[in-house]
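Trainee: This is the structure I have questions about; it appears just below.
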Amino acid sequence: MQENLENDSLSNDEKQLLDELLSESNDEIAGYGAQRRLFLKQMSAAGAAILFTQLIGPQELFANPVYEPLISDLPASSMENSVRVGFKVNGASRSLNVDSRMTLLDTLRERLELTGTKKGCDHGQCGACTVIVDGKRVLSCLTLAASCESKTVTTIEGLAKDGKLHPMQAAFVKHDGFQCGFCTPGQICSAVALMGEAAAGEISYVTADVRKKSTSLKLSDEEIRERMSGNLCRCGAYPNIVAAIREVHTGKNTAIAWQFAADDNEKARSTGA
Amino acid sequence: MRPFKYSTINDIKSATNRLATNDNARYLAGGTNILDLMKEDVERPDELVDISRLKLAAVQPITTGANKGGISIGALGKNTETANHPLIRQAYPLLSQAILAGASAQIRNMATNGGNLNQRTRCPYFYEVSMPCNKREPGSGCGALKGINRMHAIFGWSEKCVAVHPSDMCIALVALDAIVNVQGPNGQQRSIPFEDYHRLPGDNPEKDNTLNPGELITSIHIPRNNFADRSYYLKVRDRASYAFALVSVGAALEMNGSNILTARIALGGVAHKPWRAKEAENFLAGKPATVENFRRAAEMEMKNAMTLEHNDFKVELGTRAIVRALSQAMKGGKHEELPA
Ligand SMILES: Cc1cc2nc3c(=O)[nH]c(=O)nc-3n(C[C@H](O)[C@H](O)[C@H](O)COP(=O)(O)OP(=O)(O)OC[C@H]3O[C@@H](n4cnc5c(N)ncnc54)[C@H](O)[C@@H]3O)c2cc1C
Ligand code: SF4
Ligand code: FES
Ligand code: FES
């Protein structure tokens, strides 16, 4: 096997990297890593040179032939303060070395190929990076990946099931809950978690009586707006975002705002106004 | 962000020991403040000790000691869980309202009770490392004193620093005479009255509070009180939600017939520490709960304000906010939509 890899086109650094990635004795790459090694070996049997060019750009390697993107793990020695962390993302177990400074946001986007989660401000002020960790909506830009050991993360990519959009995604599409779409993954993750919070009876600053026991809450538009205030939308799609959330929350089909607009135009034309 | 070592620990002792052996280590709880400041290069620890998994998250009744009948709130409990806890909602609704007035749902899901106390000022000069700031860089001067100071203090400031403490939760805690329980590197424990926990800037604005190096907040105690029927947290800000306070008021009243037995009034957005409006409180004790008296009390407190170039609006705003919060407390402390 190793001879296969003695390809003259590889520099010493590249050879070392490959060795590290394929090493049997590298036990700290647990579980998932073992599968990946097997996969790499199978691939290398098929053609070491091709394999290697791809390894340099792991994104490309993993983009198509394998449905689930594989972790582009990096050796601990390549970082000043490496932390080994394992967590679940959208149902799949992930385990990788991260620089201690790495946020969950950057880890999702740069290391796990989950670019649905967006970086808006990187300072907790916009909500674009909202993901769901252990059932709670949080900001991935202010979460260290290192602190996510054994946690369960759901991103926008993990909401659709069996090729069907999550009802909240479908409602955002129906109600045009976006314009440029940059804030949308954060809005939707936030809204999905909000449904759970309302069902659990969680209160907000605009809840009239915080002393009244609540089990399952019916949210007014004012409540929806307050509870979604952590998600900014520079395109100002707010009315449509509230409409989408209201529809999912109430379970009642509601008309689409732009249809009214079209109807009004139609009326205006026919009456000559 | 500068490189730092990330450490996990399993108990309080190992946490305080880490800080005792490394002056440049800091605790990491929810991370919502310290990571932000590290990205800005304002905080520069070389080690973060992750305390988020310490078993210090519980909200529970206090069953022994001086505060028996009160409630204990774990330092590592999340703001969301604290605000929603049935015991807090029922007996300390002012605290629920104050927590929920702060930040966003996502941030409250991350933010811990201890971290909320120790969050640092939002003074823009403090955040901008190219600006002078005595809090960040002692001796460099105060950029805000003669700069843009619309958001800054009107009580208790010094020429060295005019910043305000940004917390909403702390306004409720100071109004309710809470106690901060801490544990130091040698295992010694202290209980600090909330009013003495945060500091005025004086000559050392770099010190926000009276915590000693390495001390860890373990819990916050609130003594039992009779304010639950009449308390209200009012926050006035530049936009309806997800913004820091221009002025906020935590108000609580205990009645004796139609007269006020005890009034508690605390103000946010006005000082380097959560500000107790003691003059107003004293004036109201024994008086009928009328809007007229509320206004006189508020004016009495606010006449002591020392305004800066851009924040004299806080005097009238603060006066009206106190009257409104007290009136709302009298009506049972329910939230009403503010008229547009
Ligand atoms: C965009 C934005 C808006 C916000 N708006 C508001 C608002 O309107 N009102 C408001 O009140 N707050 C607001 N916040 C602030 C937020 O409430 C605080 O950041 C949060 O409470 C800090 O808690 P944490 O657990 O995340 O602290 P961390 O960031 O983990 O820690 C903060 C500091 O406390 C220290 N620390 C933490 N726990 C302990 C402990 N147990 N013992 C000793 N030291 C400890 C840390 O070392 C650090 O120095 C906002 C924050 C953001 C990012
Ligand atoms: S007010 Fe305080 S925090 Fe702001 S610039 Fe002056 S010294 Fe710094
Ligand atoms: S990117 Fe995280 S809140 Fe803006
Ligand atoms: S759709 Fe463009 S920012 Fe919200």
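Identifiers in this document derive from the order of the structure tokens: chains are assigned A, B, ..., residues are numbered from 1 separately in each chain, and ligands are numbered from 1 in order of occurrence.
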Ligand 4: which residues are within 9 Å, counting only C-alpha atoms and all ligand atoms, as a ChimeraX atom specification?
Mentor: /A:128,177-184,187,231-238
Trainee: I need the residues from that last selection saved to file as a CSV table (one decimal), in the first residue's frame (with all heavy atoms), if you can.
Mentor:
```csv
chain,number,residue,atom,x,y,z
A,128,ALA,N,-27.6,35.9,12.1
A,128,ALA,CA,-27.5,35.1,10.9
A,128,ALA,C,-26.9,33.7,11.1
A,128,ALA,O,-27.1,32.8,10.4
A,128,ALA,CB,-26.6,35.9,9.9
A,177,GLY,N,-40.5,35.0,2.7
A,177,GLY,CA,-39.9,35.5,4.0
A,177,GLY,C,-38.5,35.9,3.8
A,177,GLY,O,-37.7,35.8,4.8
A,178,PHE,N,-38.1,36.4,2.7
A,178,PHE,CA,-36.7,36.8,2.4
A,178,PHE,C,-36.6,37.5,1.1
A,178,PHE,O,-37.5,37.5,0.3
A,178,PHE,CB,-35.8,35.6,2.3
A,178,PHE,CG,-36.3,34.5,1.5
A,178,PHE,CD1,-36.2,34.5,0.1
A,178,PHE,CD2,-37.0,33.4,2.0
A,178,PHE,CE1,-36.7,33.5,-0.7
A,178,PHE,CE2,-37.5,32.4,1.2
A,178,PHE,CZ,-37.4,32.5,-0.1
A,179,GLN,N,-35.5,38.3,1.0
A,179,GLN,CA,-35.2,38.9,-0.3
A,179,GLN,C,-33.9,38.4,-0.8
A,179,GLN,O,-33.8,37.5,-1.6
A,179,GLN,CB,-35.3,40.4,-0.2
A,179,GLN,CG,-35.3,41.0,-1.6
A,179,GLN,CD,-35.5,42.5,-1.4
A,179,GLN,OE1,-34.6,43.3,-1.8
A,179,GLN,NE2,-36.7,43.0,-1.0
A,180,CYS,N,-32.8,38.8,-0.2
A,180,CYS,CA,-31.5,38.3,-0.6
A,180,CYS,C,-31.2,36.9,0.0
A,180,CYS,O,-30.4,36.2,-0.6
A,180,CYS,CB,-30.4,39.3,-0.2
A,180,CYS,SG,-30.0,39.2,1.6
A,181,GLY,N,-31.8,36.6,1.1
A,181,GLY,CA,-31.7,35.3,1.6
A,181,GLY,C,-30.6,35.1,2.6
A,181,GLY,O,-30.4,34.0,3.2
A,182,PHE,N,-29.8,36.1,2.9
A,182,PHE,CA,-28.6,35.9,3.7
A,182,PHE,C,-29.0,35.6,5.2
A,182,PHE,O,-28.3,34.8,5.8
A,182,PHE,CB,-27.7,37.1,3.6
A,182,PHE,CG,-26.3,36.8,4.1
A,182,PHE,CD1,-25.4,36.2,3.3
A,182,PHE,CD2,-25.9,37.2,5.4
A,182,PHE,CE1,-24.1,35.9,3.8
A,182,PHE,CE2,-24.7,36.9,5.9
A,182,PHE,CZ,-23.7,36.3,5.1
A,183,CYS,N,-30.0,36.3,5.7
A,183,CYS,CA,-30.4,36.1,7.1
A,183,CYS,C,-31.2,34.8,7.2
A,183,CYS,O,-31.5,34.5,8.4
A,183,CYS,CB,-31.1,37.3,7.6
A,183,CYS,SG,-32.8,37.4,6.9
A,184,THR,N,-31.7,34.3,6.1
A,184,THR,CA,-32.8,33.3,6.2
A,184,THR,C,-32.4,32.0,6.9
A,184,THR,O,-33.3,31.5,7.7
A,184,THR,CB,-33.2,32.9,4.7
A,184,THR,OG1,-33.4,34.2,4.0
A,184,THR,CG2,-34.5,32.2,4.7
A,187,GLN,N,-32.8,32.9,10.4
A,187,GLN,CA,-34.3,33.2,10.7
A,187,GLN,C,-35.0,31.8,10.9
A,187,GLN,O,-35.8,31.7,11.9
A,187,GLN,CB,-34.9,33.9,9.6
A,187,GLN,CG,-34.3,35.3,9.3
A,187,GLN,CD,-34.8,36.4,10.2
A,187,GLN,OE1,-35.6,36.2,11.1
A,187,GLN,NE2,-34.4,37.6,9.9
A,231,ASN,N,-32.9,38.2,15.3
A,231,ASN,CA,-32.6,37.9,13.9
A,231,ASN,C,-32.9,39.1,13.1
A,231,ASN,O,-34.0,39.5,12.8
A,231,ASN,CB,-33.4,36.7,13.4
A,231,ASN,CG,-32.9,35.4,14.0
A,231,ASN,OD1,-33.4,35.1,15.1
A,231,ASN,ND2,-32.0,34.7,13.4
A,232,LEU,N,-31.8,39.8,12.7
A,232,LEU,CA,-32.0,41.0,11.9
A,232,LEU,C,-32.1,40.7,10.4
A,232,LEU,O,-31.6,39.7,9.9
A,232,LEU,CB,-30.9,42.0,12.1
A,232,LEU,CG,-30.6,42.4,13.5
A,232,LEU,CD1,-29.6,43.6,13.5
A,232,LEU,CD2,-31.8,42.8,14.3
A,233,CYS,N,-32.9,41.5,9.6
A,233,CYS,CA,-33.0,41.3,8.2
A,233,CYS,C,-32.8,42.6,7.5
A,233,CYS,O,-33.6,43.5,7.6
A,233,CYS,CB,-34.4,40.7,7.8
A,233,CYS,SG,-34.6,40.6,6.1
A,234,ARG,N,-31.6,42.8,6.8
A,234,ARG,CA,-31.3,44.0,6.2
A,234,ARG,C,-32.2,44.3,5.0
A,234,ARG,O,-32.4,45.5,4.6
A,234,ARG,CB,-29.9,44.1,5.7
A,234,ARG,CG,-28.8,44.1,6.9
A,234,ARG,CD,-29.0,45.3,7.8
A,234,ARG,NE,-28.9,46.6,7.2
A,234,ARG,CZ,-27.7,47.3,7.1
A,234,ARG,NH1,-26.6,46.8,7.7
A,234,ARG,NH2,-27.7,48.5,6.6
A,235,CYS,N,-32.9,43.3,4.5
A,235,CYS,CA,-33.8,43.5,3.4
A,235,CYS,C,-35.2,43.9,3.9
A,235,CYS,O,-36.1,44.2,3.1
A,235,CYS,CB,-33.9,42.2,2.5
A,235,CYS,SG,-32.4,41.7,1.7
A,236,GLY,N,-35.4,43.8,5.2
A,236,GLY,CA,-36.6,44.2,5.8
A,236,GLY,C,-37.8,43.3,5.4
A,236,GLY,O,-38.9,43.7,5.2
A,237,ALA,N,-37.5,42.0,5.4
A,237,ALA,CA,-38.6,41.1,5.0
A,237,ALA,C,-39.5,40.7,6.2
A,237,ALA,O,-40.3,39.8,6.2
A,237,ALA,CB,-38.0,39.8,4.4
A,238,TYR,N,-39.4,41.5,7.3
A,238,TYR,CA,-40.1,41.2,8.5
A,238,TYR,C,-41.6,40.8,8.4
A,238,TYR,O,-42.0,39.8,9.0
A,238,TYR,CB,-39.9,42.3,9.5
A,238,TYR,CG,-38.4,42.6,9.9
A,238,TYR,CD1,-37.8,43.8,9.6
A,238,TYR,CD2,-37.7,41.6,10.6
A,238,TYR,CE1,-36.5,44.0,9.9
A,238,TYR,CE2,-36.4,41.9,10.9
A,238,TYR,CZ,-35.8,43.1,10.6
A,238,TYR,OH,-34.5,43.3,10.9
```
Trainee: Would you name the residues within 10 Å of ligand 2, counting only C-alpha atoms and all ligand atoms, and put them as number ranges by chain?
Mentor: B: 120-128, 131-149, 151-153, 157-165, 201, 204-206, 272
Trainee: If you count only C-alpha atoms and all ligand atoms, which residues end up within 7 Å of ligand 3, as an mmCIF file with N, CA and C atoms, in the first residue's frame?
Mentor:
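Writing the result to pocket26.cif gives the following:
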```cif
data_model
loop_
_atom_site.group_PDB
_atom_site.id
_atom_site.type_symbol
_atom_site.label_atom_id
_atom_site.label_comp_id
_atom_site.auth_asym_id
_atom_site.auth_seq_id
_atom_site.Cartn_x
_atom_site.Cartn_y
_atom_site.Cartn_z
ATOM 1 N N LYS A 118 -24.792 31.236 8.138
ATOM 2 C CA LYS A 118 -24.128 32.427 7.594
ATOM 3 C C LYS A 118 -23.422 33.254 8.671
ATOM 4 N N LYS A 119 -22.345 33.893 8.230
ATOM 5 C CA LYS A 119 -21.651 34.835 9.113
ATOM 6 C C LYS A 119 -22.053 36.261 8.738
ATOM 7 N N GLY A 120 -22.800 36.904 9.633
ATOM 8 C CA GLY A 120 -23.209 38.283 9.369
ATOM 9 C C GLY A 120 -22.241 39.228 10.040
ATOM 10 N N CYS A 121 -22.336 39.317 11.357
ATOM 11 C CA CYS A 121 -21.534 40.288 12.097
ATOM 12 C C CYS A 121 -20.350 39.647 12.813
ATOM 13 N N ASP A 122 -20.467 38.373 13.148
ATOM 14 C CA ASP A 122 -19.459 37.638 13.916
ATOM 15 C C ASP A 122 -19.349 38.149 15.358
ATOM 16 N N HIS A 123 -20.317 38.970 15.818
ATOM 17 C CA HIS A 123 -20.260 39.521 17.175
ATOM 18 C C HIS A 123 -21.569 39.403 17.958
ATOM 19 N N GLY A 124 -22.419 38.491 17.556
ATOM 20 C CA GLY A 124 -23.633 38.282 18.340
ATOM 21 C C GLY A 124 -24.725 39.295 18.108
ATOM 22 N N GLN A 125 -24.591 40.119 17.069
ATOM 23 C CA GLN A 125 -25.539 41.217 16.920
ATOM 24 C C GLN A 125 -26.582 41.034 15.837
ATOM 25 N N CYS A 126 -26.506 39.944 15.049
ATOM 26 C CA CYS A 126 -27.429 39.868 13.911
ATOM 27 C C CYS A 126 -28.245 38.585 13.826
ATOM 28 N N GLY A 127 -27.771 37.504 14.393
ATOM 29 C CA GLY A 127 -28.535 36.255 14.380
ATOM 30 C C GLY A 127 -28.373 35.401 13.127
ATOM 31 N N ALA A 128 -27.595 35.861 12.142
ATOM 32 C CA ALA A 128 -27.451 35.100 10.898
ATOM 33 C C ALA A 128 -26.851 33.719 11.146
ATOM 34 N N CYS A 129 -26.075 33.591 12.205
ATOM 35 C CA CYS A 129 -25.346 32.356 12.478
ATOM 36 C C CYS A 129 -26.120 31.410 13.404
ATOM 37 N N THR A 130 -27.403 31.701 13.629
ATOM 38 C CA THR A 130 -28.191 30.897 14.578
ATOM 39 C C THR A 130 -28.251 29.423 14.176
ATOM 40 N N LEU A 139 -26.111 31.277 19.157
ATOM 41 C CA LEU A 139 -25.314 31.936 18.129
ATOM 42 C C LEU A 139 -24.009 31.167 17.941
ATOM 43 N N SER A 140 -23.801 30.647 16.735
ATOM 44 C CA SER A 140 -22.588 29.855 16.530
ATOM 45 C C SER A 140 -21.345 30.728 16.447
ATOM 46 N N CYS A 141 -21.507 32.051 16.236
ATOM 47 C CA CYS A 141 -20.327 32.922 16.164
ATOM 48 C C CYS A 141 -19.747 33.209 17.541
ATOM 49 N N LEU A 142 -20.548 33.005 18.604
ATOM 50 C CA LEU A 142 -20.031 33.234 19.949
ATOM 51 C C LEU A 142 -19.918 31.915 20.718
#
```
Trainee: Could you tell me which residues of chain A sit within 10 Å of chain B when counting only C-alpha atoms, and give me the result as an MDAnalysis selection string?
Mentor: chainID A and resid 79:83 99:103 122:127 130:133 136:144 146:147 190 193:194 197 201:214 222 225:232
Trainee: Contacts of B:Val249 at 12 Å or less, counting only C-alpha atoms, minus same-chain residues fewer than 3 places along, as number ranges by chain?
Mentor: B: 94-95, 97-98, 101, 167-175, 231-237, 245-246, 252, 264-270, 274-277, 298, 317-329
Trainee: Nearest residue to B:Ala271 out of B:Met255, B:Met306, B:Ile71, B:Val180, using only C-alpha atoms?
Mentor: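 For B:Ala271, the nearest of the candidates is B:Met306.
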Trainee: Which residues are close to B:Ala20, i.e. within 8 Å by only C-alpha atoms, leaving aside same-chain residues fewer than 6 positions away? Reply as a PyMOL selection string.
Mentor: chain B and resi 185+213-214
Trainee: Restricted to all heavy atoms, what would the selected residues look like written as a short mmCIF file (atom, residue, chain, number, x, y, z; two decimals), in the first residue's frame?
Mentor:
```cif
data_model
loop_
_atom_site.label_atom_id
_atom_site.label_comp_id
_atom_site.auth_asym_id
_atom_site.auth_seq_id
_atom_site.Cartn_x
_atom_site.Cartn_y
_atom_site.Cartn_z
N PRO B 185 -9.56 30.88 45.43
CA PRO B 185 -8.60 29.82 45.12
C PRO B 185 -8.26 28.91 46.31
O PRO B 185 -7.89 27.77 46.09
CB PRO B 185 -7.37 30.59 44.66
CG PRO B 185 -7.91 31.88 44.15
CD PRO B 185 -9.09 32.20 44.99
N PRO B 213 -8.96 38.36 42.50
CA PRO B 213 -8.46 37.53 41.40
C PRO B 213 -8.76 36.05 41.65
O PRO B 213 -8.53 35.54 42.74
CB PRO B 213 -6.96 37.80 41.40
CG PRO B 213 -6.81 39.15 42.03
CD PRO B 213 -7.93 39.27 43.03
N GLY B 214 -9.28 35.40 40.63
CA GLY B 214 -9.51 33.95 40.73
C GLY B 214 -10.81 33.56 41.39
O GLY B 214 -11.21 32.40 41.33
#
```
